[in-house]
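Undergrad: Below you will find the structure I want to go over with you.
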Amino acid sequence: MENTSLSKRSVAFGIALAVACVVNALIVVVKEKSDGVMAWMKKLTGHHWTTHSVIVVILFLGLGCLLAQVRGGRGINMTAMGLIGTVVSGVAVAGLIIIGFYLFAD
């Protein structure tokens, strides 16, 4: 599996997934701690979760498309195991942020 060839889009959107997971967790923390941010998000689309989702989806799609074009359009070179590690790390960090927030800061 270490030498498995991955397409530039697989790598780009895998990295974008990891980043979007962490940003998603950070948005949860910020909007729960700031009434102003929560009100702004509600006002923007009618519900804070809708705005939250739009931000995360746009980040995921935009970053994935951008990362697929680096290195002159060849994308980022990464092994399958490297990509798996990146995605798992992003999800784990996001989970720890949310768990930590609700256990200790809320």
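If you're wondering about the labels, chains in the structure tokens are A, B, ... by order shown, residues count from 1 in each chain, ligands from 1 in order shown.
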If you run DSSP on the backbone, which residues of stretch 1-104 of chain A are alpha helix (DSSP H), as JSON, numbers by chain?

TA: {"A": [8, 9, 10, 11, 12, 13, 14, 15, 16, 17, 18, 19, 20, 21, 22, 23, 24, 25, 26, 27, 28, 29, 30, 31, 32, 33, 35, 36, 37, 38, 39, 40, 41, 42, 43, 44, 45, 48, 49, 50, 51, 52, 53, 54, 55, 56, 57, 58, 59, 60, 61, 62, 63, 64, 65, 66, 67, 68, 70, 71, 72, 73, 80, 81, 82, 83, 84, 85, 86, 87, 88, 89, 90, 91, 92, 93, 94, 95, 96, 97, 98, 99, 100]}

Undergrad: Between A:Ile97, A:Val28, A:Ala20, A:Leu63, which one has atoms that come closest to A:Gly75, using only C-alpha atoms?

TA: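 Looking at the shortest contact to A:Gly75, the residue is A:Leu63.
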
Undergrad: Would you pick out the contacts of A:Leu67 at 12 Å or less, using only C-alpha atoms, so that residues sharing its chain but fewer than 2 positions from it are not included, and give the list as a ChimeraX atom specification?

TA: /A:7-17,19,59-65,69-77

Undergrad: How far is it from atom CA of A:Gly100 to atom CA of A:His48, in Å with one decimal?

TA: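 So the answer is 21.3 Å.
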
Undergrad: Grab the atom CA of A:Ala92 to atom CA of A:Val57 distance for me, in Å with one decimal place.

TA: 19.0 Å

Undergrad: I'd like the contact shell of A:Glu32 - 12 Å cut-off, only C-alpha atoms, skipping same-chain residues fewer than 3 positions apart - returned as a list in words.

TA: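 Near neighbours after the sequence-gap exclusion: Ala25, Leu26, Ile27, Val28, Val29, Asp35, Gly36, Val37, Met38, Ala39, Met41, His48, Trp49, His52, Ile98, Phe101, Tyr102, Ala105 and Asp106 of chain A.
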
Undergrad: Would you export the selected residues with C-alpha atoms as a PDB file, in the first residue's frame, please?

TA:
ATOM      1  CA  ALA A  25     -14.254  21.971  15.194  1.00  0.00           C
ATOM      2  CA  LEU A  26     -12.834  25.468  15.619  1.00  0.00           C
ATOM      3  CA  ILE A  27     -16.052  27.007  14.267  1.00  0.00           C
ATOM      4  CA  VAL A  28     -18.038  25.000  16.836  1.00  0.00           C
ATOM      5  CA  VAL A  29     -15.900  26.406  19.642  1.00  0.00           C
ATOM      6  CA  ASP A  35     -22.897  35.351  20.996  1.00  0.00           C
ATOM      7  CA  GLY A  36     -21.929  37.868  18.307  1.00  0.00           C
ATOM      8  CA  VAL A  37     -20.582  35.186  15.978  1.00  0.00           C
ATOM      9  CA  MET A  38     -23.631  32.999  16.622  1.00  0.00           C
ATOM     10  CA  ALA A  39     -25.982  35.907  15.854  1.00  0.00           C
ATOM     11  CA  MET A  41     -24.204  33.165  11.495  1.00  0.00           C
ATOM     12  CA  HIS A  48     -26.139  29.020  12.465  1.00  0.00           C
ATOM     13  CA  TRP A  49     -25.740  25.386  11.397  1.00  0.00           C
ATOM     14  CA  HIS A  52     -21.459  26.627   9.525  1.00  0.00           C
ATOM     15  CA  ILE A  98     -14.739  19.315  20.320  1.00  0.00           C
ATOM     16  CA  PHE A 101     -14.337  22.074  24.586  1.00  0.00           C
ATOM     17  CA  TYR A 102     -17.473  20.373  25.870  1.00  0.00           C
ATOM     18  CA  ALA A 105     -14.541  24.861  28.507  1.00  0.00           C
ATOM     19  CA  ASP A 106     -18.303  24.784  28.180  1.00  0.00           C
TER      20      ASP A 106
END
